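Novice: Got a structure for you, written out below as structure tokens; questions coming shortly.
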Amino acid sequence: MFRAAALLALVVSSLYPLQAQTGIRYLPGPKAFVLDAGPVTYVFGLNQRNELQHIYWGKRLWRDADIAAARTGQNWASFDLSPTTTPDEFPAWGGGRFYETCVKVTRADGGRDIVLKYQSHEIKGDTLEVLTKDLNDDIRVKVVYRVFSEGILARHSLITNETNQPITIESAQSAAWNLPPGEGYRVTYLQGRWAGETQIVREDVHPGMKVIESRRGNTGQVNPWFALDGPDRATEESGRVWFGALGWSGNWRITVEQTPHQQVRVVGGYNPFDFSYPLKPHENLETPPFYAGYTDTGFGGASRMFHNFELANILPRSTRNKPRPVLYNSWEATTFNVNEQGQTELAKKAASLGVELFVMDDGWFGARNHDRAGLGDWYVNPKKFPNGLKGLIDAVKGTGMRFGLWVEPEMVNPDSDLYRAHPDWAMHFEGRPRTEARNQLVLNMARNDVKEHIFGVLDKLLAENDISFIKWDMNRHASEPGWPEVAPADQRKLWVQYVRNVYEIIDRLRAKHPGVEIESCSGGGGRIDLGILSRVEQVWTSDNTDALDRLKIQEGFTQAYTPKAMMAWVTDVPNFNGRSTPLEFRFLVAMQGSLGIGNNLNHWKPEDFTLATKMVSWYKDVRRTIQEGKLYRLLSPREGEWDYNQYVSEDGKQSVVFAIQRSQQYGRPAPTVLLRGLDEKATYRLKPLDNRKLVEAQQTELSGAYLMDHGLNVRLTGDYSGTAVVLERLN
């Protein structure tokens, strides 16, 4: 019997490799929960106080006998009692806990502490639900886990008031992630501002708290992603890294804390700033998912794990396996001056390049001749389009392209029919000034009547027109977040309900119009997170399309998010920073994500069309590898004048290498490109984009060992130079 069981285990392990296996089990002896997420194991258990306590998070464990029972920490005199020195799995504010906690409440009688005790648990396939309850009152918190084969776990909580009195939630976090105790950790996060999003910041973790957050009503230009590496100092391709990201498109906060007892933990969820969420008896509040993973293959390994996870589990299922189309957007060519004839002419020129999706931007609706009027009036401007959109859509489809349209449904101009009819629909505090930005106000999407109105106008627009794509924009953040129509105690629910209603509108539109694809845009990085990415195909990375600036923006973006979702445009120069870069250089940068073109094609010369047509055709041959393959960042633009990136297809049959030189100094040659992710015993055929820029161009076939250990040498001369090479596996 033993031999048969062992043989069966061997067969199963050979059919289902360790990395692909997931499982959740409870070990009664040590009272421990073991969560296997592919190559990662996560363990927590019940300690002597019957509370959830963290035990382990790291590389896959294969022997349950190694797992010991959780034991609470010791008192540190009278100043730090055991609850403060214990790595709580989901701490609530109470019982002498002086660090960042996941839940804080206020009762009707003024009591403000809560101490959670384990009640029960249920395992449902890849999901674990652990029910906890306050030691005295019937305030319940369900802590929910889900495991994914890519090495990722998701956590969130459900807080329920089962007392007969109202309570108010003052803080609601999704998870606390505990790291092995010690010092010398570093935190990496993505800082930014408009036109300078997803900038990588890496700094030491010191005693105390490091807070990254958004208080803007949406994700904000600071992104809800983190990575931590330990004293051994991870590199791009080696070392231990713990990483994670929130799936929430509203106010959020992530706190990285090192206690005086050398415990490092990350807590994240709703931002407690201006937060108050009353719960009547039997009401609940659910926190957003907090995703996290672990790897011992460095920051590059962490990003590849997250990319694989997003491609398999986050992006909308209906379009998950389709490559993103090459699109053209008319904004920079025409701004608000749109009409059927002008857009039709642009569409013909875009189609000649091989573009697959034509998107008409702002200016098609209401009195929208500038940014001072018309927002909120989502009907076709009859002077610009006397026959509606049908003529233009038919012309676009006649070229073989699909048609897309820009909208900004959450905003309103004071000079609009909608605002004149419903001034109360805009966020405001009674009797206080209303701050305009870009001449617009923010609609209070937390209101159900506003939600239904926006759904109605967008549903009508999609039902009456053959629209394949929506660019959903949001060009300012929230101010004066008042909701005077509800009781004062409930007004701060706006921050949560606003986002929930935006999600609901998108979900309902997708269900009713399943062929429509959506881009999330908020002036760039203002709404990029795993919450919105589960509802849209792509995101607008930045309003800054300057190719040099984009190198760092795109490097930061791909730390957390798949290149498939990253819109990258080629646009006219000089643009944001006043510099002029060659058109080929701009294409080489933009082709490292989902390619878009935003140039004014009316000003292009014949040679521009020739080059762009060549680049678009080349991109289509390799876009699957770029959008869905493994990304290896070979040289960082933060560390020198070069940016080298390599993409390897999932099946290993194709690889694409980009080599970018920002400037040349003292005539120095570009560094050798040492490739990664290849089979050292395989042979690869080289197909350079430009033979003149590859030293080994005459060596059309090279081994994986040569390419990874000897490398390639490129000829990049002068400023703003670059090239690309495709490798096709032969055996």
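Residues are named by chain letter and number: chains run A, B, ... in the order of the structure tokens, numbers start at 1 in each chain, and ligands are numbered from 1 in the order shown.
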Enumerate as number ranges by chain all residues of segment 263-466 of chain A assigned to strand (DSSP E or B) by DSSP on the backbone, naming them with the chain letters and numbers the document uses.

Specialist: A: 264-270, 277-279, 284-286, 290-295, 297, 327-329, 357-360, 365, 380, 402-407, 411-412, 426, 437, 440-443

Novice: Pick out the residues sitting within 7 Å of segment 274-278 of chain A, and hand them over as a compact mmCIF listing (two decimals) with N, CA and C atoms, in the first residue's frame; count only C-alpha atoms, and ignore anything fewer than 4 positions along from it in its own chain.

Specialist:
# COMPACT_ATOMS: atom_id res chain seq x y z
N PRO A 166 -25.69 50.23 16.15
CA PRO A 166 -24.80 50.62 15.05
C PRO A 166 -23.35 50.72 15.52
N ILE A 167 -22.44 50.46 14.62
CA ILE A 167 -21.02 50.70 14.86
C ILE A 167 -20.48 51.51 13.70
N THR A 168 -19.33 52.11 13.88
CA THR A 168 -18.68 52.86 12.81
C THR A 168 -17.28 52.31 12.61
N ILE A 169 -16.99 51.95 11.38
CA ILE A 169 -15.65 51.46 11.05
C ILE A 169 -14.76 52.66 10.77
N GLU A 170 -13.67 52.77 11.50
CA GLU A 170 -12.73 53.88 11.32
C GLU A 170 -11.54 53.51 10.45
N ASP A 490 -23.11 59.46 7.22
CA ASP A 490 -22.90 58.56 6.08
C ASP A 490 -22.15 59.21 4.92
N ARG A 492 -19.15 60.24 4.39
CA ARG A 492 -17.82 59.79 4.01
C ARG A 492 -17.81 58.39 3.40
N LYS A 493 -18.97 57.78 3.32
CA LYS A 493 -19.08 56.55 2.53
C LYS A 493 -18.87 56.83 1.04

Novice: May I have the residues within 7 Å of segment 622-636 of chain A as a list of chain:residue names, using only C-alpha atoms and disregarding those fewer than 3 positions away in the same chain?

Specialist: A:Gly300, A:Arg304, A:Pro323, A:Pro563, A:Lys564, A:Gln592, A:Gly593, A:Ser594, A:Trp618, A:Tyr619, A:Glu639, A:Trp642, A:Asp643, A:Tyr644, A:Asn645, A:Gln646, A:Tyr647, A:Val648, A:Ser649, A:Glu650, A:Gln654, A:Ser655, A:Arg676

Novice: Would you compute the distance between atom CA of Asn161 of chain A and atom CA of Lys124 of chain A? Give it in Å to one decimal.

Specialist: 24.0 Å

Novice: With only C-alpha atoms as the atoms that count, which of A:Val380, A:Ala489, A:Val496, A:Leu443 lies nearest to Pro272 of chain A?

Specialist: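 Smallest separation from Pro272 of chain A among the options: A:Val496.
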
Novice: Enumerate, in order of chain and increasing residue number, the residues of segment 396-461 of chain A with an atom no farther than 12 Å from segment 512-522 of chain A, each with its shortest atom pair and distance in Å to one decimal, counting only C-alpha atoms, as CSV.

Specialist:
residue,atom,partner,partner_atom,distance
A:Arg402,CA,A:Val516,CA,10.6
A:Phe403,CA,A:Val516,CA,10.2
A:Gly404,CA,A:Glu517,CA,8.8
A:Leu405,CA,A:Ile518,CA,9.8
A:Trp406,CA,A:Glu519,CA,9.4
A:Val407,CA,A:Cys521,CA,9.9
A:Glu408,CA,A:Cys521,CA,9.1
A:Pro409,CA,A:Cys521,CA,11.6
A:Glu410,CA,A:Ser522,CA,10.9
A:Met411,CA,A:Ser522,CA,11.6
A:Phe455,CA,A:Lys512,CA,11.0
A:Gly456,CA,A:Lys512,CA,11.8
A:Leu458,CA,A:His513,CA,10.6
A:Asp459,CA,A:Lys512,CA,8.2
A:Lys460,CA,A:His513,CA,10.8
A:Leu461,CA,A:His513,CA,11.0

Novice: Just to be explicit: take each residue in the selection above, keep C-alpha atoms, and write the result as a PDB file, in the first residue's frame.

Specialist:
ATOM      1  CA  ARG A 402     -12.679  48.995 -35.881  1.00  0.00           C
ATOM      2  CA  PHE A 403     -14.060  52.213 -34.396  1.00  0.00           C
ATOM      3  CA  GLY A 404     -13.470  53.585 -30.896  1.00  0.00           C
ATOM      4  CA  LEU A 405     -14.634  56.675 -29.049  1.00  0.00           C
ATOM      5  CA  TRP A 406     -13.444  58.909 -26.189  1.00  0.00           C
ATOM      6  CA  VAL A 407     -15.714  59.652 -23.216  1.00  0.00           C
ATOM      7  CA  GLU A 408     -15.272  61.265 -19.801  1.00  0.00           C
ATOM      8  CA  PRO A 409     -18.490  60.246 -18.051  1.00  0.00           C
ATOM      9  CA  GLU A 410     -17.592  61.113 -14.443  1.00  0.00           C
ATOM     10  CA  MET A 411     -17.090  64.812 -15.199  1.00  0.00           C
ATOM     11  CA  PHE A 455     -25.085  53.992 -17.412  1.00  0.00           C
ATOM     12  CA  GLY A 456     -28.113  55.027 -19.451  1.00  0.00           C
ATOM     13  CA  LEU A 458     -23.389  55.137 -22.332  1.00  0.00           C
ATOM     14  CA  ASP A 459     -25.684  52.174 -22.920  1.00  0.00           C
ATOM     15  CA  LYS A 460     -27.656  54.217 -25.463  1.00  0.00           C
ATOM     16  CA  LEU A 461     -24.470  55.358 -27.192  1.00  0.00           C
TER      17      LEU A 461
END

Novice: So that I can check the surroundings of Pro386 of chain A, please list as a ChimeraX atom specification every protein, DNA and RNA residue that reaches within 10 Å of it, counting only C-alpha atoms and ignoring chain neighbours fewer than 5 positions away.

Specialist: /A:339-340,380-381,391

Novice: Counting only C-alpha atoms, what are the residues of segment 446-484 of chain A within 10 Å of segment 215-222 of chain A, and for each of them which pair of atoms is the nearest and at what distance in Å, to one decimal? Sort the table by chain and rising number, as a tab-separated table.

Specialist:
residue	atom	partner	partner_atom	distance
A:Met474	CA	A:Asn218	CA	9.4
A:Arg476	CA	A:Arg216	CA	9.0
A:His477	CA	A:Arg216	CA	5.4
A:Ala478	CA	A:Gly217	CA	5.5
A:Ser479	CA	A:Arg216	CA	7.8
A:Pro481	CA	A:Gly217	CA	8.7

Novice: Near segment 232-243 of chain A, within 8 Å and counting only C-alpha atoms, which residues show up once chain neighbours fewer than 2 positions away are dropped, as a list in words?

Specialist: Arg186, Trp225, Phe226, Ala227, Leu228, Asp229, Gly230, Ala245, Ala292, Gly293, Tyr294, Thr295, Asp296, Thr297, Gly298, Phe299, Gly300, Gly301, Ala302 and Arg633 of chain A

Novice: Rounded to one decimal, what separation in Å do you get between atom CA of Val714 of chain A and atom CA of Leu730 of chain A?

Specialist: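 About the pair atom CA of Val714 of chain A and atom CA of Leu730 of chain A: they are 22.6 Å apart.
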
Novice: Name the residues of segment 473-553 of chain A that fall into alpha helix (DSSP H) according to DSSP on the backbone, using the chain letters and numbers of this document, as a ChimeraX atom specification.

Specialist: /A:494-512,530-533,547-553

Novice: Once you count only C-alpha atoms, what closest atom pair and distance in Å to one decimal does each residue of segment 209-327 of chain A within 12 Å of segment 101-114 of chain A have, with rows by chain and rising residue number, as a Markdown table?

Specialist:
| residue | atom | partner | partner_atom | distance |
| --- | --- | --- | --- | --- |
| A:Arg253 | CA | A:Cys102 | CA | 11.5 |
| A:Ile254 | CA | A:Cys102 | CA | 11.2 |
| A:Thr255 | CA | A:Thr101 | CA | 10.0 |
| A:Val256 | CA | A:Thr101 | CA | 11.7 |
| A:Glu257 | CA | A:Thr101 | CA | 10.8 |
| A:Arg265 | CA | A:Thr101 | CA | 10.3 |
| A:Val266 | CA | A:Thr101 | CA | 10.1 |
| A:Val267 | CA | A:Cys102 | CA | 7.1 |
| A:Gly268 | CA | A:Cys102 | CA | 8.0 |
| A:Gly269 | CA | A:Cys102 | CA | 8.2 |
| A:Tyr270 | CA | A:Cys102 | CA | 9.8 |
| A:Asn271 | CA | A:Cys102 | CA | 11.1 |
| A:Pro272 | CA | A:Lys104 | CA | 9.7 |
| A:Phe275 | CA | A:Lys104 | CA | 11.2 |
| A:Ser276 | CA | A:Val105 | CA | 9.4 |
| A:Tyr277 | CA | A:Val105 | CA | 9.3 |
| A:Pro278 | CA | A:Thr106 | CA | 9.1 |
| A:Leu279 | CA | A:Arg107 | CA | 10.0 |
| A:Lys280 | CA | A:Ala108 | CA | 10.4 |
| A:Pro281 | CA | A:Ala108 | CA | 11.4 |
| A:Leu285 | CA | A:Val103 | CA | 11.2 |
| A:Glu286 | CA | A:Val103 | CA | 11.8 |
| A:Thr287 | CA | A:Cys102 | CA | 10.3 |

Novice: Give me the residues within 9 Å of Glu555 of chain A as a CSV table (one decimal) with N, CA, C and O atoms, in the first residue's frame, counting only C-alpha atoms and dropping any in the same chain fewer than 4 places off.

Specialist:
chain,number,residue,atom,x,y,z
A,198,THR,N,4.9,56.4,-12.3
A,198,THR,CA,5.6,55.1,-12.1
A,198,THR,C,7.1,55.2,-12.1
A,198,THR,O,7.8,54.5,-12.8
A,199,GLN,N,7.6,56.2,-11.3
A,199,GLN,CA,9.0,56.3,-11.1
A,199,GLN,C,9.4,55.4,-9.9
A,199,GLN,O,8.9,55.4,-8.9
A,200,ILE,N,10.4,54.6,-10.2
A,200,ILE,CA,10.9,53.6,-9.2
A,200,ILE,C,11.6,54.3,-8.1
A,200,ILE,O,12.6,55.1,-8.3
A,550,ARG,N,9.6,58.3,-21.4
A,550,ARG,CA,8.8,57.0,-21.4
A,550,ARG,C,9.7,55.8,-21.0
A,550,ARG,O,9.2,54.8,-20.4
A,551,LEU,N,11.0,55.9,-21.2
A,551,LEU,CA,11.9,54.7,-20.8
A,551,LEU,C,11.7,54.4,-19.3
A,551,LEU,O,11.6,53.3,-18.9
A,559,GLN,N,7.2,47.0,-13.5
A,559,GLN,CA,7.5,46.3,-12.3
A,559,GLN,C,6.2,45.6,-11.7
A,559,GLN,O,6.3,44.6,-11.1
A,633,ARG,N,14.5,42.7,-18.0
A,633,ARG,CA,15.1,44.0,-18.1
A,633,ARG,C,16.6,43.9,-17.9
A,633,ARG,O,17.2,43.6,-16.9
A,636,SER,N,19.1,49.0,-17.1
A,636,SER,CA,18.1,50.0,-16.7
A,636,SER,C,18.4,51.4,-17.1
A,636,SER,O,19.6,51.8,-17.0
A,637,PRO,N,17.4,52.2,-17.6
A,637,PRO,CA,17.7,53.6,-18.0
A,637,PRO,C,18.0,54.4,-16.7
A,637,PRO,O,18.5,55.6,-16.9
